[in-house]
file target_2.cif (mmCIF, C-alpha atoms and all ligand atoms)
data_final
#
loop_
_atom_site.label_atom_id
_atom_site.label_comp_id
_atom_site.auth_asym_id
_atom_site.auth_seq_id
_atom_site.Cartn_x
_atom_site.Cartn_y
_atom_site.Cartn_z
CA MET A 1 92.38 42.81 -194.95
CA VAL A 2 91.91 41.81 -191.34
CA GLU A 3 94.18 39.94 -188.97
CA ALA A 4 92.91 36.45 -188.20
CA ILE A 5 93.85 32.97 -187.04
CA ILE A 6 92.60 29.99 -189.03
CA LEU A 7 90.85 27.48 -186.78
CA ARG A 8 89.34 24.78 -188.92
CA THR A 9 88.25 23.90 -192.44
CA TRP A 10 85.59 21.60 -193.84
CA PRO A 11 85.63 20.50 -197.47
CA VAL A 12 82.42 21.11 -199.42
CA HIS A 13 81.55 20.49 -203.06
CA GLU A 14 84.52 20.04 -205.34
CA ALA A 15 87.34 22.25 -204.19
CA ASP A 16 85.45 24.64 -201.94
CA GLN A 17 86.04 24.85 -198.22
CA ILE A 18 84.20 26.28 -195.28
CA VAL A 19 86.70 28.00 -193.04
CA SER A 20 86.30 28.93 -189.41
CA PHE A 21 88.59 31.85 -188.63
CA PHE A 22 89.10 34.04 -185.60
CA THR A 23 89.50 37.72 -186.48
CA ARG A 24 90.99 40.20 -184.09
CA ASP A 25 88.20 42.74 -184.64
CA GLN A 26 85.05 40.76 -185.36
CA GLY A 27 85.66 37.56 -183.42
CA LYS A 28 85.11 34.13 -184.91
CA LEU A 29 83.58 33.96 -188.38
CA LYS A 30 82.74 31.23 -190.84
CA GLY A 31 83.40 31.75 -194.50
CA MET A 32 83.13 30.01 -197.82
CA ALA A 33 86.43 29.81 -199.63
CA LYS A 34 85.65 29.04 -203.25
CA SER A 35 88.13 26.74 -204.98
CA ALA A 36 90.37 26.91 -201.92
CA ALA A 37 91.84 23.50 -202.60
CA LYS A 38 92.90 24.62 -206.07
CA SER A 39 93.83 28.26 -205.71
CA ARG A 40 97.42 28.49 -204.55
CA ARG A 41 97.41 32.17 -205.42
CA ARG A 42 94.58 33.12 -203.06
CA PHE A 43 95.07 30.59 -200.28
CA GLY A 44 98.38 28.76 -200.79
CA GLY A 45 99.05 26.98 -197.51
CA ALA A 46 97.22 29.65 -195.51
CA LEU A 47 94.26 27.53 -194.39
CA GLU A 48 96.25 25.25 -192.15
CA PRO A 49 94.81 25.49 -188.60
CA MET A 50 96.57 28.07 -186.38
CA THR A 51 98.02 30.00 -189.32
CA HIS A 52 98.15 33.71 -188.56
CA VAL A 53 96.85 35.48 -191.65
CA LEU A 54 95.59 38.67 -193.19
CA ALA A 55 92.17 37.67 -194.47
CA SER A 56 90.11 39.39 -197.06
CA TYR A 57 86.40 38.64 -196.81
CA VAL A 58 83.00 40.08 -197.65
CA GLU A 59 79.92 39.82 -195.46
CA LYS A 60 76.80 39.06 -197.37
CA PRO A 61 73.36 40.26 -196.24
CA ARG A 62 71.17 37.63 -194.61
CA GLN A 63 73.82 34.96 -194.95
CA GLU A 64 75.56 33.20 -192.17
CA LEU A 65 78.73 32.52 -194.15
CA VAL A 66 80.96 35.33 -195.28
CA ARG A 67 82.77 35.05 -198.59
CA LEU A 68 86.45 34.46 -197.88
CA ASP A 69 88.36 35.76 -200.88
CA ALA A 70 92.01 35.40 -199.94
CA CYS A 71 94.41 34.84 -197.08
CA GLU A 72 97.96 36.03 -196.83
CA ILE A 73 100.23 34.24 -194.37
CA LEU A 74 101.75 36.34 -191.58
CA ALA A 75 103.07 33.29 -189.69
CA SER A 76 102.55 29.63 -190.40
CA PRO A 77 102.89 26.89 -187.77
CA LEU A 78 104.45 24.82 -190.55
CA SER A 79 107.45 27.10 -190.82
CA GLU A 80 108.85 25.26 -187.79
CA PRO A 81 109.20 21.48 -187.32
CA VAL A 82 106.01 19.62 -186.44
CA ASP A 83 106.18 16.37 -184.53
CA TYR A 84 103.31 14.47 -182.93
CA GLY A 85 103.45 16.50 -179.72
CA ARG A 86 103.50 19.90 -181.36
CA ALA A 87 100.71 18.85 -183.72
CA ALA A 88 98.63 17.76 -180.72
CA ALA A 89 99.31 21.04 -178.92
CA LEU A 90 98.36 23.11 -181.99
CA ALA A 91 95.21 21.02 -182.36
CA PHE A 92 94.40 21.79 -178.72
CA LEU A 93 94.71 25.56 -179.27
CA ALA A 94 92.53 25.39 -182.37
CA GLU A 95 89.88 23.16 -180.83
CA VAL A 96 89.58 25.21 -177.64
CA LEU A 97 89.20 28.43 -179.65
CA GLU A 98 86.74 26.85 -182.06
CA GLU A 99 84.57 25.43 -179.29
CA THR A 100 84.79 28.32 -176.86
CA LEU A 101 84.28 31.39 -179.02
CA GLN A 102 80.90 32.52 -180.27
CA ASP A 103 80.56 33.79 -183.83
CA HIS A 104 80.76 37.58 -184.22
CA ASP A 105 81.89 38.05 -180.63
CA PRO A 106 85.19 39.97 -180.59
CA GLN A 107 87.65 38.71 -177.97
CA GLU A 108 90.77 40.81 -178.30
CA ALA A 109 92.42 39.43 -175.15
CA VAL A 110 91.90 35.87 -176.36
CA PHE A 111 93.35 36.81 -179.72
CA ARG A 112 96.49 38.19 -178.12
CA LEU A 113 96.77 35.16 -175.84
CA ALA A 114 96.48 32.80 -178.81
CA LEU A 115 99.25 34.57 -180.73
CA THR A 116 101.70 34.62 -177.84
CA VAL A 117 101.05 31.00 -176.89
CA LEU A 118 101.30 29.92 -180.51
CA HIS A 119 104.69 31.55 -180.70
CA GLU A 120 105.92 29.50 -177.71
CA THR A 121 104.60 26.14 -178.94
CA ARG A 122 107.65 24.28 -180.18
CA THR A 123 108.56 20.64 -180.64
CA GLU A 124 110.36 20.31 -177.32
CA GLN A 125 108.04 22.70 -175.54
CA ILE A 126 104.35 21.87 -175.53
CA TRP A 127 103.30 21.29 -171.91
CA LEU A 128 103.79 24.86 -170.71
CA PRO A 129 101.89 26.39 -173.67
CA VAL A 130 99.04 23.90 -173.36
CA THR A 131 98.68 24.46 -169.61
CA TYR A 132 99.09 28.22 -169.81
CA PHE A 133 96.57 28.51 -172.62
CA GLY A 134 94.01 26.24 -170.97
CA LEU A 135 94.23 28.08 -167.68
CA TRP A 136 93.96 31.51 -169.29
CA MET A 137 91.04 30.47 -171.47
CA VAL A 138 89.11 29.37 -168.39
CA ARG A 139 89.81 32.75 -166.84
CA LEU A 140 89.09 34.88 -169.91
CA MET A 141 85.77 33.11 -170.38
CA GLY A 142 84.90 34.11 -166.80
CA TRP A 143 84.86 30.55 -165.49
CA MET A 144 87.72 30.90 -163.01
CA PRO A 145 87.00 31.95 -159.43
CA GLU A 146 89.94 33.17 -157.40
CA ILE A 147 92.56 30.45 -157.16
CA GLY A 148 94.22 31.48 -153.89
CA ARG A 149 91.38 30.57 -151.53
CA CYS A 150 88.65 28.02 -150.96
CA THR A 151 85.48 28.70 -152.96
CA ASP A 152 83.37 27.44 -150.04
CA CYS A 153 84.86 29.03 -146.95
CA GLY A 154 87.18 31.66 -148.42
CA ARG A 155 90.22 30.50 -146.43
CA PRO A 156 93.52 30.92 -148.30
CA PHE A 157 95.33 27.69 -149.12
CA ALA A 158 98.47 29.10 -147.51
CA GLY A 159 100.97 26.61 -148.85
CA GLY A 160 98.70 23.57 -148.59
CA PRO A 161 97.08 21.70 -151.48
CA ALA A 162 93.76 22.67 -153.06
CA TYR A 163 91.13 20.36 -154.52
CA PHE A 164 88.98 20.43 -157.63
CA GLU A 165 86.08 18.44 -159.00
CA ALA A 166 84.49 17.81 -162.36
CA GLU A 167 81.14 19.29 -161.32
CA ARG A 168 82.00 22.77 -160.14
CA ASP A 169 84.26 25.75 -160.72
CA GLY A 170 87.09 26.80 -158.52
CA LEU A 171 89.15 25.18 -155.83
CA VAL A 172 88.29 24.08 -152.31
CA CYS A 173 90.29 23.36 -149.16
CA ALA A 174 90.88 19.91 -147.64
CA GLU A 175 87.92 20.40 -145.33
CA HIS A 176 85.44 21.15 -148.11
CA ARG A 177 86.60 18.64 -150.69
CA HIS A 178 84.34 15.92 -151.95
CA PRO A 179 85.68 12.37 -151.82
CA ALA A 180 86.05 12.33 -155.61
CA ALA A 181 88.02 15.60 -155.73
CA ARG A 182 91.52 15.69 -157.13
CA ALA A 183 94.39 17.51 -155.50
CA LEU A 184 96.23 20.44 -156.94
CA SER A 185 99.68 20.46 -155.41
CA PRO A 186 101.14 23.55 -153.71
CA ASP A 187 103.75 23.71 -156.51
CA SER A 188 101.02 23.74 -159.15
CA LEU A 189 99.08 26.40 -157.27
CA LYS A 190 102.21 28.51 -157.30
CA ALA A 191 102.65 27.82 -161.00
CA ALA A 192 99.06 28.94 -161.63
CA ALA A 193 99.63 32.18 -159.75
CA ARG A 194 102.75 32.82 -161.82
CA MET A 195 100.93 32.05 -165.07
CA PHE A 196 98.40 34.76 -164.23
CA ARG A 197 101.14 37.21 -163.35
CA GLU A 198 103.98 36.55 -165.76
CA PRO A 199 104.14 36.41 -169.54
CA ILE A 200 104.60 32.94 -170.98
CA ALA A 201 108.01 33.89 -172.36
CA ALA A 202 109.29 34.47 -168.81
CA LEU A 203 108.12 31.01 -167.73
CA ALA A 204 109.44 29.36 -170.87
CA VAL A 205 113.06 29.79 -169.80
CA GLU A 206 112.43 26.98 -167.29
CA GLU A 207 111.97 23.29 -167.98
CA TRP A 208 108.34 22.17 -168.14
CA PRO A 209 108.36 18.42 -168.60
CA ARG A 210 105.07 16.60 -169.01
CA ASN A 211 104.62 15.82 -165.31
CA ARG A 212 105.23 19.38 -164.10
CA ALA A 213 101.87 20.98 -163.26
CA ALA A 214 100.03 18.08 -164.91
CA ASP A 215 97.33 18.42 -162.23
CA LEU A 216 96.95 22.09 -163.16
CA ARG A 217 96.53 21.13 -166.82
CA ARG A 218 93.85 18.65 -165.86
CA PHE A 219 92.10 21.30 -163.75
CA ALA A 220 92.08 23.72 -166.71
CA VAL A 221 90.89 21.14 -169.24
CA GLN A 222 88.21 19.94 -166.86
CA GLY A 223 86.98 23.52 -166.45
CA LEU A 224 86.78 23.99 -170.20
CA GLU A 225 85.06 20.68 -170.79
CA ARG A 226 82.51 21.27 -168.06
CA HIS A 227 81.40 24.58 -169.56
CA LEU A 228 81.52 23.34 -173.13
CA GLU A 229 79.61 20.25 -172.05
CA LYS A 230 81.79 18.07 -174.19
CA ARG A 231 85.11 16.31 -174.19
CA LEU A 232 87.93 17.93 -176.12
CA ARG A 233 89.35 15.42 -178.58
CA SER A 234 92.72 17.14 -178.63
CA ALA A 235 92.95 16.98 -174.83
CA GLN A 236 92.44 13.24 -175.02
CA ALA A 237 95.22 13.01 -177.61
CA LEU A 238 97.53 14.95 -175.28
CA ARG A 239 96.63 12.73 -172.34
CA GLY A 240 97.42 9.71 -174.48
CA MET A 241 101.00 10.83 -175.05
CA GLY A 242 103.26 8.54 -173.06
ZN ZN B 1 87.04 25.51 -147.41
#
call {"tool": "encode", "arguments": {"input": "target_2.cif", "output": "C-alpha cells"}}
result
Amino acid sequence: MVEAIILRTWPVHEADQIVSFFTRDQGKLKGMAKSAAKSRRRFGGALEPMTHVLASYVEKPRQELVRLDACEILASPLSEPVDYGRAAALAFLAEVLEETLQDHDPQEAVFRLALTVLHETRTEQIWLPVTYFGLWMVRLMGWMPEIGRCTDCGRPFAGGPAYFEAERDGLVCAEHRHPAARALSPDSLKAAARMFREPIAALAVEEWPRNRAADLRRFAVQGLERHLEKRLRSAQALRGMG
C-alpha cells in the first residue's frame, strides 16, 4: 500500500475506470481500476478527486497503465461540506497537479504541499489556499525567479509595486515594465514573501477575502498557464465566481 492523492478518473468500458493518482514515492501514475464503479469494497468513495488514500497497485511489464487493485481512504474531501467555491478550489488543486506533474516523477515536496493545502481548503476559506498553492507550484516547478527584485535590472522593489506579464517569468520594476504588464501591489508582494516563509496554517488565522492578493493569484495562475501552454479550466471557474 502506498500513500497517494487521487487526481482524476475516466470511465472506460462498463464499470472500469482509468485513474490518475499522485503517489508520494513514485510520483503521478495512471492505473486501470477494474469494476471500480461497482466495487464498493475495493474503492468505495475513494476515487473522488483529491481523496488522500492508501493505494494498492501492481506495475505490469511493458504497460503504461498499472493495475489499481484497491484504495483505502485516509481523508476524503467529502467528509467536510462542499459548496461551489470549495468544489472549484479542489478542482484547481487537482487540475494543477494533473497538468504539472510528469508520470513516474516523484515530487515529495509537491505531495506535502498538496496535503497541507488540501487540509486548509474549507467552504469559507478558498482564496488563501488557491493562491498559496498556485504560487508554491510555480516555485517548486522551478518557474519562479526571485520575487523581491526586478528580473531585468536586479533592483529591489523596496516597497513599490512590481509588474508581471503573460509572456515571461518573474517580476519587473516600473522602469522595465511593458505597457501590457499588470501591477502586483506592495501588499501582495509582502503576502507572497510571507507565503514562501510561513506555513499556510499561520496565514489562515487572518481573513483572506476574494479581493485580497487577487493580483498575486493571477500572477501565479498566469505563470502556470504559460508553462503548461494551456488555460486551466478550474482557474476560469474561480475567476467566474462573483
Ligand atoms: Zn528593472
call {"tool": "closest_atom_pairs", "arguments": {"input": "target_2.cif", "of": "chain A", "to": "ligand ZN 1 (chain B)", "cutoff": "9 Å", "atoms": "all atoms listed in the file", "output": "CSV"}}
result
residue,atom,partner,partner_atom,distance
A:Arg149,CA,B:ZN1,ZN,7.8
A:Cys150,CA,B:ZN1,ZN,4.6
A:Thr151,CA,B:ZN1,ZN,6.6
A:Asp152,CA,B:ZN1,ZN,4.9
A:Cys153,CA,B:ZN1,ZN,4.2
A:Gly154,CA,B:ZN1,ZN,6.2
A:Arg155,CA,B:ZN1,ZN,6.0
A:Pro156,CA,B:ZN1,ZN,8.5
A:Phe157,CA,B:ZN1,ZN,8.7
A:Leu171,CA,B:ZN1,ZN,8.7
A:Val172,CA,B:ZN1,ZN,5.3
A:Cys173,CA,B:ZN1,ZN,4.3
A:Ala174,CA,B:ZN1,ZN,6.8
A:Glu175,CA,B:ZN1,ZN,5.6
A:His176,CA,B:ZN1,ZN,4.7
A:Arg177,CA,B:ZN1,ZN,7.6
call {"tool": "closest_residue", "arguments": {"input": "target_2.cif", "among": "A:Val221, A:Ile200, A:Leu74, A:Val2", "to": "Arg239 of chain A", "atoms": "only C-alpha atoms"}}
result
A:Val221
call {"tool": "atom_distance", "arguments": {"input": "target_2.cif", "atom1": "atom CA of Met32 of chain A", "atom2": "atom CA of Met137 of chain A"}}
result
27.5 Å
call {"tool": "closest_residue", "arguments": {"input": "target_2.cif", "among": "A:Glu64, A:Asp169, A:Asp69, A:Asp105", "to": "Phe22 of chain A", "atoms": "all atoms listed in the file"}}
result
A:Asp105
call {"tool": "atom_distance", "arguments": {"input": "target_2.cif", "atom1": "atom CA of Ile126 of chain A", "atom2": "atom CA of Arg194 of chain A"}}
result
17.6 Å
call {"tool": "atom_distance", "arguments": {"input": "target_2.cif", "atom1": "atom CA of Arg122 of chain A", "atom2": "atom CA of Arg139 of chain A"}}
result
23.8 Å
call {"tool": "residues_around", "arguments": {"input": "target_2.cif", "residues": "segment 179-183 of chain A", "least_positions_apart": "5", "cutoff": "12 Å", "atoms": "all atoms listed in the file", "output": "PDB file with C-alpha atoms, in the coordinates of the input"}}
result
ATOM      1  CA  GLY A 160      98.700  23.570-148.590  1.00  0.00           C
ATOM      2  CA  PRO A 161      97.080  21.700-151.480  1.00  0.00           C
ATOM      3  CA  ALA A 162      93.760  22.670-153.060  1.00  0.00           C
ATOM      4  CA  TYR A 163      91.130  20.360-154.520  1.00  0.00           C
ATOM      5  CA  PHE A 164      88.980  20.430-157.630  1.00  0.00           C
ATOM      6  CA  GLU A 165      86.080  18.440-159.000  1.00  0.00           C
ATOM      7  CA  ALA A 166      84.490  17.810-162.360  1.00  0.00           C
ATOM      8  CA  GLU A 167      81.140  19.290-161.320  1.00  0.00           C
ATOM      9  CA  ARG A 168      82.000  22.770-160.140  1.00  0.00           C
ATOM     10  CA  ASP A 169      84.260  25.750-160.720  1.00  0.00           C
ATOM     11  CA  GLY A 170      87.090  26.800-158.520  1.00  0.00           C
ATOM     12  CA  LEU A 171      89.150  25.180-155.830  1.00  0.00           C
ATOM     13  CA  VAL A 172      88.290  24.080-152.310  1.00  0.00           C
ATOM     14  CA  CYS A 173      90.290  23.360-149.160  1.00  0.00           C
ATOM     15  CA  ALA A 174      90.880  19.910-147.640  1.00  0.00           C
ATOM     16  CA  SER A 188     101.020  23.740-159.150  1.00  0.00           C
ATOM     17  CA  LEU A 189      99.080  26.400-157.270  1.00  0.00           C
ATOM     18  CA  ALA A 213     101.870  20.980-163.260  1.00  0.00           C
ATOM     19  CA  ALA A 214     100.030  18.080-164.910  1.00  0.00           C
ATOM     20  CA  ASP A 215      97.330  18.420-162.230  1.00  0.00           C
ATOM     21  CA  LEU A 216      96.950  22.090-163.160  1.00  0.00           C
ATOM     22  CA  ARG A 218      93.850  18.650-165.860  1.00  0.00           C
ATOM     23  CA  PHE A 219      92.100  21.300-163.750  1.00  0.00           C
ATOM     24  CA  GLN A 222      88.210  19.940-166.860  1.00  0.00           C
TER      25      GLN A 222
END
call {"tool": "closest_residue", "arguments": {"input": "target_2.cif", "among": "A:Thr123, A:Gln63, A:Glu14, A:Leu54", "to": "Asp83 of chain A", "atoms": "only C-alpha atoms"}}
result
A:Thr123
call {"tool": "residues_near_point", "arguments": {"input": "target_2.cif", "point": "(90.4, 17.7, -178.9)", "cutoff": "9 Å", "atoms": "only C-alpha atoms", "output": "number ranges by chain"}}
result
A: 88, 91-96, 231-238
call {"tool": "axis_aligned_box", "arguments": {"input": "target_2.cif", "around": "segment 64-76 of chain A", "padding_each_side": "3 Å", "output": "AutoDock Vina command-line options"}}
result
--center_x 89.3 --center_y 33.0 --center_z -195.3 --size_x 33.5 --size_y 12.7 --size_z 17.2
call {"tool": "closest_residue", "arguments": {"input": "target_2.cif", "among": "A:Glu3, A:Phe111, A:Val138, A:Glu59", "to": "Cys71 of chain A", "atoms": "all atoms listed in the file"}}
result
A:Glu3
call {"tool": "residues_near_point", "arguments": {"input": "target_2.cif", "point": "(85.0, 38.3, -194.8)", "cutoff": "12 Å", "atoms": "all atoms listed in the file", "output": "NGL selection string"}}
result
:A and (1-4 or 19-23 or 25-33 or 54-61 or 63-71 or 104)
call {"tool": "residues_around", "arguments": {"input": "target_2.cif", "residues": "Thr121 of chain A", "least_positions_apart": "6", "cutoff": "8 Å", "atoms": "all atoms listed in the file", "output": "ChimeraX atom specification"}}
result
/A:86,89-90,129
call {"tool": "closest_residue", "arguments": {"input": "target_2.cif", "among": "A:Ala204, A:Ala191, A:Ala109, A:Leu184", "to": "Arg24 of chain A", "atoms": "only C-alpha atoms"}}
result
A:Ala109
call {"tool": "closest_residue", "arguments": {"input": "target_2.cif", "among": "A:Met141, A:Leu203, A:Ala193, A:Ala220", "to": "Gln102 of chain A", "atoms": "only C-alpha atoms"}}
result
A:Met141
